[in-house]
Amino acid sequence: NADGYQLAGKLLSAPDSQTAVLIIAGSGPTDHNGNIQQMGMTNNSYLILAEGLLAAGYAVLRVDKRGIGRSANVQFKPEEALFGRYVADVVAWIRYLKTHHTKVVVMGHSLGGLMAIQAAQQESVDQLIMLASVAASGHDTIKRQMTDQPEFVSQAAIPLLERLRQGEKVPADEVPPYLHSLMGPAIQPYLRSFMNIEPRAELAAITTPTLVIIGGTDIQITVAETLAWVKDLGHVESRVITGMNHVLKPAPADRTANLATYSQADLPLHPDLLPTIIAFLAEK
């Protein structure tokens, strides 16, 4: 219960474990298993990760963000889908876990990584783990991603992005239909709420031991921007996993083949991921 709103999560309890790992999903309607059901993207990345951590002796809580999955209830108001509201919900989950465990680790995936960092500024945790986390501002990340799209898409999207960056509300009739799911009026308040946050400044504001993991074939977040994000931050360790993509699975660099793994629920996670995480958890 966060400020009267009922949030839902799935807790895997490990007998006698004093450590709990909280998994925070990425942007959009990504559910607690790592899936976006509306788009047919069922990869079960968080589910597989949670089961692997449980087998290693850790309790794992994976949650549905406010308004998504089992946290989508009649109390939800679209105007609550703002970045700061999601961060406050992460803080509430951390406090819940602290009542049952002596060590709490927050693991954020994609945009969930930035949520985890800001939550750790408000409520101390023992360790942070960033999985394919957004490493540049929302504006810069979306702009780079748009340049990878067909020219007609990027030429329409980038001017709209600049208007949103300035805090402007862009009318629906000025957003092409193919951009409504990304930049339509319904999602604009959410975009504006995080677009100008600088991840490096946020990460530099804490001293929590942090592990940053990026895959070498991630087509959404680049290795270069990730390494630049964490450069010279003494509390941060970074690992590049060759051949791992954004949904934490082995994948080639080819975009079509890479994206195909987003819908392969039975494909295991990259074999180097879980050992890398467990080694870090054992450090403290």
# chains A, B, ... in the order shown; residues from 1 in each chain; ligands from 1
call {"tool": "residues_around", "arguments": {"residues": "Ile214 (chain A)", "least_positions_apart": "5", "cutoff": "7 Å", "atoms": "only C-alpha atoms", "output": "mmCIF file with all heavy atoms, in the first residue's frame"}}
result
data_model
loop_
_atom_site.group_PDB
_atom_site.id
_atom_site.type_symbol
_atom_site.label_atom_id
_atom_site.label_comp_id
_atom_site.auth_asym_id
_atom_site.auth_seq_id
_atom_site.Cartn_x
_atom_site.Cartn_y
_atom_site.Cartn_z
ATOM 1 N N LEU A 131 20.854 -3.073 -14.735
ATOM 2 C CA LEU A 131 20.839 -3.985 -15.876
ATOM 3 C C LEU A 131 20.406 -3.224 -17.125
ATOM 4 O O LEU A 131 19.261 -2.769 -17.206
ATOM 5 C CB LEU A 131 19.870 -5.142 -15.626
ATOM 6 C CG LEU A 131 20.145 -6.040 -14.416
ATOM 7 C CD1 LEU A 131 19.036 -7.073 -14.278
ATOM 8 C CD2 LEU A 131 21.497 -6.718 -14.547
ATOM 9 N N ALA A 132 21.321 -3.042 -18.080
ATOM 10 C CA ALA A 132 20.996 -2.332 -19.322
ATOM 11 C C ALA A 132 20.291 -1.019 -19.017
ATOM 12 O O ALA A 132 19.323 -0.643 -19.664
ATOM 13 C CB ALA A 132 20.133 -3.217 -20.233
ATOM 14 N N VAL A 223 27.038 0.382 -25.260
ATOM 15 C CA VAL A 223 28.166 0.156 -24.363
ATOM 16 C C VAL A 223 28.919 1.457 -24.118
ATOM 17 O O VAL A 223 29.294 1.778 -22.984
ATOM 18 C CB VAL A 223 29.107 -0.921 -24.945
ATOM 19 C CG1 VAL A 223 30.401 -1.010 -24.127
ATOM 20 C CG2 VAL A 223 28.410 -2.280 -24.989
ATOM 21 N N ARG A 239 30.448 -4.024 -15.959
ATOM 22 C CA ARG A 239 30.721 -5.261 -16.682
ATOM 23 C C ARG A 239 30.027 -5.213 -18.040
ATOM 24 O O ARG A 239 28.827 -4.895 -18.116
ATOM 25 C CB ARG A 239 30.198 -6.481 -15.915
ATOM 26 C CG ARG A 239 30.798 -6.682 -14.542
ATOM 27 C CD ARG A 239 32.221 -7.211 -14.593
ATOM 28 N NE ARG A 239 32.725 -7.503 -13.254
ATOM 29 C CZ ARG A 239 33.304 -6.609 -12.456
ATOM 30 N NH1 ARG A 239 33.422 -5.344 -12.858
ATOM 31 N NH2 ARG A 239 33.747 -6.956 -11.254
ATOM 32 N N VAL A 240 30.769 -5.524 -19.088
ATOM 33 C CA VAL A 240 30.195 -5.657 -20.419
ATOM 34 C C VAL A 240 30.100 -7.146 -20.723
ATOM 35 O O VAL A 240 31.108 -7.860 -20.679
ATOM 36 C CB VAL A 240 31.055 -4.952 -21.491
ATOM 37 C CG1 VAL A 240 30.443 -5.149 -22.882
ATOM 38 C CG2 VAL A 240 31.207 -3.468 -21.175
ATOM 39 N N ILE A 241 28.897 -7.621 -21.000
ATOM 40 C CA ILE A 241 28.698 -9.036 -21.309
ATOM 41 C C ILE A 241 28.553 -9.192 -22.821
ATOM 42 O O ILE A 241 27.547 -8.746 -23.413
ATOM 43 C CB ILE A 241 27.482 -9.609 -20.565
ATOM 44 C CG1 ILE A 241 27.729 -9.543 -19.046
ATOM 45 C CG2 ILE A 241 27.203 -11.039 -21.006
ATOM 46 C CD1 ILE A 241 26.611 -10.125 -18.203
#
call {"tool": "select_by_dssp", "arguments": {"residues": "region 29-183 of chain A", "states": "helix (DSSP H, G or I)", "output": "count of residues only"}}
result
83
call {"tool": "residues_around", "arguments": {"residues": "Pro185 (chain A)", "least_positions_apart": "2", "cutoff": "9 Å", "atoms": "only C-alpha atoms", "output": "list in words"}}
result
Lys169, Val170, Pro171, Ala172, Val175, His180, Met183, Ile187, Gln188 and Pro189 of chain A
call {"tool": "write_last_selection", "arguments": {"atoms": "C-alpha atoms", "output": "CSV table (one decimal), in the first residue's frame"}}
result
chain,number,residue,atom,x,y,z
A,169,LYS,CA,2.2,20.1,-24.7
A,170,VAL,CA,2.0,18.9,-28.3
A,171,PRO,CA,-1.6,18.6,-29.5
A,172,ALA,CA,-2.7,15.2,-30.8
A,175,VAL,CA,1.7,13.9,-33.6
A,180,HIS,CA,1.2,8.3,-30.8
A,183,MET,CA,4.8,10.8,-28.0
A,187,ILE,CA,2.2,9.7,-22.6
A,188,GLN,CA,3.6,13.3,-22.8
A,189,PRO,CA,3.4,14.1,-19.1
call {"tool": "select_by_dssp", "arguments": {"residues": "region 122-277 of chain A", "states": "strand (DSSP E)", "output": "count of residues only"}}
result
17
call {"tool": "closest_residue", "arguments": {"among": "A:Thr276, A:Ser137, A:Ser71, A:Gln118", "to": "Phe194 (chain A)", "atoms": "only C-alpha atoms"}}
result
A:Ser137
call {"tool": "residues_around", "arguments": {"residues": "Leu227 (chain A)", "least_positions_apart": "3", "cutoff": "12 Å", "atoms": "only C-alpha atoms", "output": "number ranges by chain"}}
result
A: 132-136, 200, 211-216, 221-224, 230-233, 236-240
call {"tool": "write_last_selection", "arguments": {"atoms": "C-alpha atoms", "output": "compact mmCIF listing (two decimals), in the first residue's frame"}}
result
# COMPACT_ATOMS: atom_id res chain seq x y z
CA ALA A 132 21.00 -2.33 -19.32
CA SER A 133 20.12 0.86 -17.50
CA VAL A 134 19.43 4.15 -19.22
CA ALA A 135 22.83 5.86 -19.15
CA ALA A 136 22.06 9.23 -20.74
CA ARG A 200 25.39 10.54 -14.21
CA LEU A 211 27.17 -2.87 -10.32
CA VAL A 212 26.42 -1.72 -13.87
CA ILE A 213 25.91 -4.44 -16.49
CA ILE A 214 25.49 -3.78 -20.21
CA GLY A 215 25.24 -6.27 -23.05
CA GLY A 216 27.49 -6.02 -26.07
CA ILE A 221 21.41 1.23 -24.74
CA THR A 222 24.99 1.41 -26.01
CA VAL A 223 28.17 0.16 -24.36
CA ALA A 224 29.91 3.47 -25.07
CA VAL A 230 30.09 5.41 -14.85
CA LYS A 231 33.62 6.63 -15.68
CA ASP A 232 35.66 7.55 -12.58
CA LEU A 233 32.83 6.83 -10.12
CA VAL A 236 30.58 1.70 -9.30
CA GLU A 237 31.76 -1.52 -10.96
CA SER A 238 30.94 -2.08 -14.64
CA ARG A 239 30.72 -5.26 -16.68
CA VAL A 240 30.19 -5.66 -20.42
call {"tool": "closest_residue", "arguments": {"among": "A:Val63, A:Leu47, A:Ala72, A:Met115", "to": "Gly9 (chain A)", "atoms": "only C-alpha atoms"}}
result
A:Val63
call {"tool": "residues_around", "arguments": {"residues": "Ile68 (chain A)", "least_positions_apart": "2", "cutoff": "8 Å", "atoms": "only C-alpha atoms", "output": "list in words"}}
result
Pro29, Thr30, Asp31, Asp64, Lys65, Arg66, Arg70, Ser71 and Ala72 of chain A
call {"tool": "write_last_selection", "arguments": {"atoms": "all heavy atoms", "output": "PDB file, in the first residue's frame"}}
result
ATOM      1  N   PRO A  29       4.652  -0.472 -20.409  1.00  0.00           N
ATOM      2  CA  PRO A  29       3.846  -1.445 -19.656  1.00  0.00           C
ATOM      3  C   PRO A  29       4.557  -2.777 -19.417  1.00  0.00           C
ATOM      4  O   PRO A  29       3.950  -3.843 -19.532  1.00  0.00           O
ATOM      5  CB  PRO A  29       2.612  -1.610 -20.549  1.00  0.00           C
ATOM      6  CG  PRO A  29       3.124  -1.393 -21.935  1.00  0.00           C
ATOM      7  CD  PRO A  29       4.194  -0.339 -21.813  1.00  0.00           C
ATOM      8  N   THR A  30       5.856  -2.717 -19.078  1.00  0.00           N
ATOM      9  CA  THR A  30       6.606  -3.935 -18.782  1.00  0.00           C
ATOM     10  C   THR A  30       6.161  -4.479 -17.434  1.00  0.00           C
ATOM     11  O   THR A  30       6.199  -3.774 -16.434  1.00  0.00           O
ATOM     12  CB  THR A  30       8.122  -3.647 -18.747  1.00  0.00           C
ATOM     13  OG1 THR A  30       8.510  -3.011 -19.968  1.00  0.00           O
ATOM     14  CG2 THR A  30       8.912  -4.929 -18.581  1.00  0.00           C
ATOM     15  N   ASP A  31       5.745  -5.758 -17.409  1.00  0.00           N
ATOM     16  CA  ASP A  31       5.221  -6.310 -16.163  1.00  0.00           C
ATOM     17  C   ASP A  31       6.328  -6.949 -15.315  1.00  0.00           C
ATOM     18  O   ASP A  31       7.503  -6.902 -15.665  1.00  0.00           O
ATOM     19  CB  ASP A  31       4.072  -7.298 -16.437  1.00  0.00           C
ATOM     20  CG  ASP A  31       4.519  -8.583 -17.128  1.00  0.00           C
ATOM     21  OD1 ASP A  31       5.726  -8.895 -17.151  1.00  0.00           O
ATOM     22  OD2 ASP A  31       3.628  -9.290 -17.657  1.00  0.00           O
ATOM     23  N   ASP A  64       4.950  -5.099 -10.132  1.00  0.00           N
ATOM     24  CA  ASP A  64       4.289  -4.386 -11.224  1.00  0.00           C
ATOM     25  C   ASP A  64       4.199  -2.919 -10.844  1.00  0.00           C
ATOM     26  O   ASP A  64       3.735  -2.572  -9.748  1.00  0.00           O
ATOM     27  CB  ASP A  64       2.877  -4.935 -11.457  1.00  0.00           C
ATOM     28  CG  ASP A  64       2.884  -6.255 -12.215  1.00  0.00           C
ATOM     29  OD1 ASP A  64       3.753  -6.435 -13.083  1.00  0.00           O
ATOM     30  OD2 ASP A  64       2.013  -7.104 -11.938  1.00  0.00           O
ATOM     31  N   LYS A  65       4.657  -2.051 -11.730  1.00  0.00           N
ATOM     32  CA  LYS A  65       4.557  -0.616 -11.461  1.00  0.00           C
ATOM     33  C   LYS A  65       3.086  -0.190 -11.396  1.00  0.00           C
ATOM     34  O   LYS A  65       2.203  -0.843 -11.948  1.00  0.00           O
ATOM     35  CB  LYS A  65       5.300   0.187 -12.547  1.00  0.00           C
ATOM     36  CG  LYS A  65       6.794  -0.076 -12.598  1.00  0.00           C
ATOM     37  CD  LYS A  65       7.530   0.987 -13.402  1.00  0.00           C
ATOM     38  CE  LYS A  65       7.066   1.098 -14.833  1.00  0.00           C
ATOM     39  NZ  LYS A  65       7.503  -0.080 -15.651  1.00  0.00           N
ATOM     40  N   ARG A  66       2.871   0.908 -10.749  1.00  0.00           N
ATOM     41  CA  ARG A  66       1.532   1.500 -10.625  1.00  0.00           C
ATOM     42  C   ARG A  66       0.859   1.588 -12.009  1.00  0.00           C
ATOM     43  O   ARG A  66       1.433   2.104 -12.963  1.00  0.00           O
ATOM     44  CB  ARG A  66       1.687   2.888 -10.025  1.00  0.00           C
ATOM     45  CG  ARG A  66       0.413   3.667  -9.830  1.00  0.00           C
ATOM     46  CD  ARG A  66       0.718   5.006  -9.186  1.00  0.00           C
ATOM     47  NE  ARG A  66       1.296   4.854  -7.848  1.00  0.00           N
ATOM     48  CZ  ARG A  66       0.758   5.357  -6.739  1.00  0.00           C
ATOM     49  NH1 ARG A  66      -0.351   6.069  -6.799  1.00  0.00           N
ATOM     50  NH2 ARG A  66       1.338   5.185  -5.567  1.00  0.00           N
ATOM     51  N   ARG A  70      -0.745  -6.459 -12.442  1.00  0.00           N
ATOM     52  CA  ARG A  70      -1.637  -6.643 -11.292  1.00  0.00           C
ATOM     53  C   ARG A  70      -1.735  -5.396 -10.427  1.00  0.00           C
ATOM     54  O   ARG A  70      -2.520  -5.366  -9.472  1.00  0.00           O
ATOM     55  CB  ARG A  70      -1.166  -7.838 -10.466  1.00  0.00           C
ATOM     56  CG  ARG A  70      -1.330  -9.184 -11.196  1.00  0.00           C
ATOM     57  CD  ARG A  70      -0.902 -10.346 -10.334  1.00  0.00           C
ATOM     58  NE  ARG A  70       0.478 -10.197  -9.894  1.00  0.00           N
ATOM     59  CZ  ARG A  70       0.972 -10.695  -8.764  1.00  0.00           C
ATOM     60  NH1 ARG A  70       0.189 -11.343  -7.934  1.00  0.00           N
ATOM     61  NH2 ARG A  70       2.242 -10.530  -8.450  1.00  0.00           N
ATOM     62  N   SER A  71      -0.942  -4.366 -10.759  1.00  0.00           N
ATOM     63  CA  SER A  71      -1.072  -3.074 -10.066  1.00  0.00           C
ATOM     64  C   SER A  71      -1.972  -2.112 -10.849  1.00  0.00           C
ATOM     65  O   SER A  71      -2.051  -0.930 -10.530  1.00  0.00           O
ATOM     66  CB  SER A  71       0.306  -2.434  -9.861  1.00  0.00           C
ATOM     67  OG  SER A  71       1.096  -3.193  -8.976  1.00  0.00           O
ATOM     68  N   ALA A  72      -2.630  -2.625 -11.880  1.00  0.00           N
ATOM     69  CA  ALA A  72      -3.585  -1.817 -12.649  1.00  0.00           C
ATOM     70  C   ALA A  72      -4.959  -2.006 -12.024  1.00  0.00           C
ATOM     71  O   ALA A  72      -5.627  -3.000 -12.267  1.00  0.00           O
ATOM     72  CB  ALA A  72      -3.593  -2.251 -14.109  1.00  0.00           C
TER      73      ALA A  72
END
call {"tool": "atom_distance", "arguments": {"atom1": "CA of Ala260 (chain A)", "atom2": "CA of Leu11 (chain A)"}}
result
28.9 Å
call {"tool": "closest_residue", "arguments": {"among": "A:Ala2, A:Ala59, A:Met146, A:Ile48", "to": "Pro268 (chain A)", "atoms": "only C-alpha atoms"}}
result
A:Ile48
call {"tool": "residues_around", "arguments": {"residues": "Asn44 (chain A)", "least_positions_apart": "5", "cutoff": "12 Å", "atoms": "only C-alpha atoms", "output": "count of residues only"}}
result
25
call {"tool": "atom_distance", "arguments": {"atom1": "CA of Gly138 (chain A)", "atom2": "CA of Leu179 (chain A)"}}
result
16.5 Å
call {"tool": "residues_around", "arguments": {"residues": "region 158-166 of chain A", "least_positions_apart": "5", "cutoff": "7 Å", "atoms": "only C-alpha atoms", "output": "PyMOL selection string"}}
result
chain A and resi 139+143+192+195
call {"tool": "atom_distance", "arguments": {"atom1": "CA of Ala8 (chain A)", "atom2": "CA of Tyr86 (chain A)"}}
result
13.3 Å
call {"tool": "closest_residue", "arguments": {"among": "A:Met130, A:Leu61, A:Met39, A:Ala186", "to": "Leu203 (chain A)", "atoms": "only C-alpha atoms"}}
result
A:Met130
call {"tool": "decode", "arguments": {"residues": "region 201-230 of chain A", "atoms": "N, CA and C atoms", "output": "PDB file, in the first residue's frame"}}
result
ATOM      1  N   ALA A 201      24.649  12.485 -12.957  1.00  0.00           N
ATOM      2  CA  ALA A 201      24.530  13.318 -11.761  1.00  0.00           C
ATOM      3  C   ALA A 201      23.801  12.563 -10.653  1.00  0.00           C
ATOM      4  N   GLU A 202      22.793  11.783 -11.027  1.00  0.00           N
ATOM      5  CA  GLU A 202      22.033  11.023 -10.027  1.00  0.00           C
ATOM      6  C   GLU A 202      22.904   9.936  -9.398  1.00  0.00           C
ATOM      7  N   LEU A 203      23.669   9.233 -10.216  1.00  0.00           N
ATOM      8  CA  LEU A 203      24.519   8.162  -9.701  1.00  0.00           C
ATOM      9  C   LEU A 203      25.665   8.717  -8.865  1.00  0.00           C
ATOM     10  N   ALA A 204      26.163   9.885  -9.249  1.00  0.00           N
ATOM     11  CA  ALA A 204      27.257  10.514  -8.506  1.00  0.00           C
ATOM     12  C   ALA A 204      26.795  11.048  -7.151  1.00  0.00           C
ATOM     13  N   ALA A 205      25.489  11.190  -6.969  1.00  0.00           N
ATOM     14  CA  ALA A 205      24.946  11.757  -5.727  1.00  0.00           C
ATOM     15  C   ALA A 205      24.845  10.727  -4.608  1.00  0.00           C
ATOM     16  N   ILE A 206      25.131   9.452  -4.906  1.00  0.00           N
ATOM     17  CA  ILE A 206      25.067   8.416  -3.884  1.00  0.00           C
ATOM     18  C   ILE A 206      26.421   7.711  -3.782  1.00  0.00           C
ATOM     19  N   THR A 207      26.590   6.945  -2.705  1.00  0.00           N
ATOM     20  CA  THR A 207      27.823   6.168  -2.527  1.00  0.00           C
ATOM     21  C   THR A 207      27.521   4.680  -2.399  1.00  0.00           C
ATOM     22  N   THR A 208      26.297   4.282  -2.675  1.00  0.00           N
ATOM     23  CA  THR A 208      25.892   2.883  -2.590  1.00  0.00           C
ATOM     24  C   THR A 208      26.719   2.028  -3.542  1.00  0.00           C
ATOM     25  N   PRO A 209      27.300   0.919  -3.078  1.00  0.00           N
ATOM     26  CA  PRO A 209      28.019   0.029  -3.997  1.00  0.00           C
ATOM     27  C   PRO A 209      27.111  -0.390  -5.149  1.00  0.00           C
ATOM     28  N   THR A 210      27.579  -0.164  -6.360  1.00  0.00           N
ATOM     29  CA  THR A 210      26.728  -0.337  -7.537  1.00  0.00           C
ATOM     30  C   THR A 210      27.427  -1.171  -8.601  1.00  0.00           C
ATOM     31  N   LEU A 211      26.687  -2.094  -9.182  1.00  0.00           N
ATOM     32  CA  LEU A 211      27.166  -2.875 -10.324  1.00  0.00           C
ATOM     33  C   LEU A 211      26.361  -2.484 -11.551  1.00  0.00           C
ATOM     34  N   VAL A 212      27.060  -2.088 -12.605  1.00  0.00           N
ATOM     35  CA  VAL A 212      26.418  -1.721 -13.867  1.00  0.00           C
ATOM     36  C   VAL A 212      26.762  -2.786 -14.903  1.00  0.00           C
ATOM     37  N   ILE A 213      25.726  -3.391 -15.486  1.00  0.00           N
ATOM     38  CA  ILE A 213      25.912  -4.444 -16.493  1.00  0.00           C
ATOM     39  C   ILE A 213      25.273  -4.004 -17.803  1.00  0.00           C
ATOM     40  N   ILE A 214      26.019  -4.106 -18.883  1.00  0.00           N
ATOM     41  CA  ILE A 214      25.492  -3.780 -20.208  1.00  0.00           C
ATOM     42  C   ILE A 214      25.877  -4.895 -21.174  1.00  0.00           C
ATOM     43  N   GLY A 215      24.976  -5.229 -22.062  1.00  0.00           N
ATOM     44  CA  GLY A 215      25.244  -6.267 -23.050  1.00  0.00           C
ATOM     45  C   GLY A 215      25.885  -5.694 -24.309  1.00  0.00           C
ATOM     46  N   GLY A 216      26.775  -6.470 -24.879  1.00  0.00           N
ATOM     47  CA  GLY A 216      27.487  -6.019 -26.074  1.00  0.00           C
ATOM     48  C   GLY A 216      26.613  -5.915 -27.302  1.00  0.00           C
ATOM     49  N   THR A 217      25.452  -6.601 -27.318  1.00  0.00           N
ATOM     50  CA  THR A 217      24.549  -6.504 -28.474  1.00  0.00           C
ATOM     51  C   THR A 217      23.219  -5.858 -28.089  1.00  0.00           C
ATOM     52  N   ASP A 218      23.251  -4.996 -27.085  1.00  0.00           N
ATOM     53  CA  ASP A 218      22.061  -4.226 -26.699  1.00  0.00           C
ATOM     54  C   ASP A 218      21.804  -3.182 -27.777  1.00  0.00           C
ATOM     55  N   ILE A 219      20.613  -3.216 -28.390  1.00  0.00           N
ATOM     56  CA  ILE A 219      20.299  -2.257 -29.457  1.00  0.00           C
ATOM     57  C   ILE A 219      19.499  -1.072 -28.943  1.00  0.00           C
ATOM     58  N   GLN A 220      19.279  -0.991 -27.619  1.00  0.00           N
ATOM     59  CA  GLN A 220      18.557   0.138 -27.035  1.00  0.00           C
ATOM     60  C   GLN A 220      19.471   1.052 -26.217  1.00  0.00           C
ATOM     61  N   ILE A 221      20.439   0.471 -25.519  1.00  0.00           N
ATOM     62  CA  ILE A 221      21.412   1.228 -24.738  1.00  0.00           C
ATOM     63  C   ILE A 221      22.799   0.811 -25.231  1.00  0.00           C
ATOM     64  N   THR A 222      23.691   1.769 -25.448  1.00  0.00           N
ATOM     65  CA  THR A 222      24.995   1.408 -26.008  1.00  0.00           C
ATOM     66  C   THR A 222      26.045   1.191 -24.923  1.00  0.00           C
ATOM     67  N   VAL A 223      27.038   0.382 -25.260  1.00  0.00           N
ATOM     68  CA  VAL A 223      28.166   0.156 -24.363  1.00  0.00           C
ATOM     69  C   VAL A 223      28.919   1.457 -24.118  1.00  0.00           C
ATOM     70  N   ALA A 224      29.128   2.235 -25.185  1.00  0.00           N
ATOM     71  CA  ALA A 224      29.906   3.472 -25.071  1.00  0.00           C
ATOM     72  C   ALA A 224      29.268   4.450 -24.096  1.00  0.00           C
ATOM     73  N   GLU A 225      27.956   4.661 -24.195  1.00  0.00           N
ATOM     74  CA  GLU A 225      27.316   5.630 -23.295  1.00  0.00           C
ATOM     75  C   GLU A 225      27.269   5.091 -21.872  1.00  0.00           C
ATOM     76  N   THR A 226      27.182   3.771 -21.723  1.00  0.00           N
ATOM     77  CA  THR A 226      27.185   3.176 -20.381  1.00  0.00           C
ATOM     78  C   THR A 226      28.530   3.383 -19.701  1.00  0.00           C
ATOM     79  N   LEU A 227      29.621   3.123 -20.416  1.00  0.00           N
ATOM     80  CA  LEU A 227      30.948   3.282 -19.828  1.00  0.00           C
ATOM     81  C   LEU A 227      31.250   4.750 -19.539  1.00  0.00           C
ATOM     82  N   ALA A 228      30.761   5.647 -20.381  1.00  0.00           N
ATOM     83  CA  ALA A 228      30.937   7.082 -20.123  1.00  0.00           C
ATOM     84  C   ALA A 228      30.147   7.513 -18.893  1.00  0.00           C
ATOM     85  N   TRP A 229      28.993   6.919 -18.692  1.00  0.00           N
ATOM     86  CA  TRP A 229      28.118   7.226 -17.557  1.00  0.00           C
ATOM     87  C   TRP A 229      28.808   6.943 -16.230  1.00  0.00           C
ATOM     88  N   VAL A 230      29.529   5.837 -16.137  1.00  0.00           N
ATOM     89  CA  VAL A 230      30.090   5.410 -14.848  1.00  0.00           C
ATOM     90  C   VAL A 230      31.576   5.739 -14.691  1.00  0.00           C
TER      91      VAL A 230
END
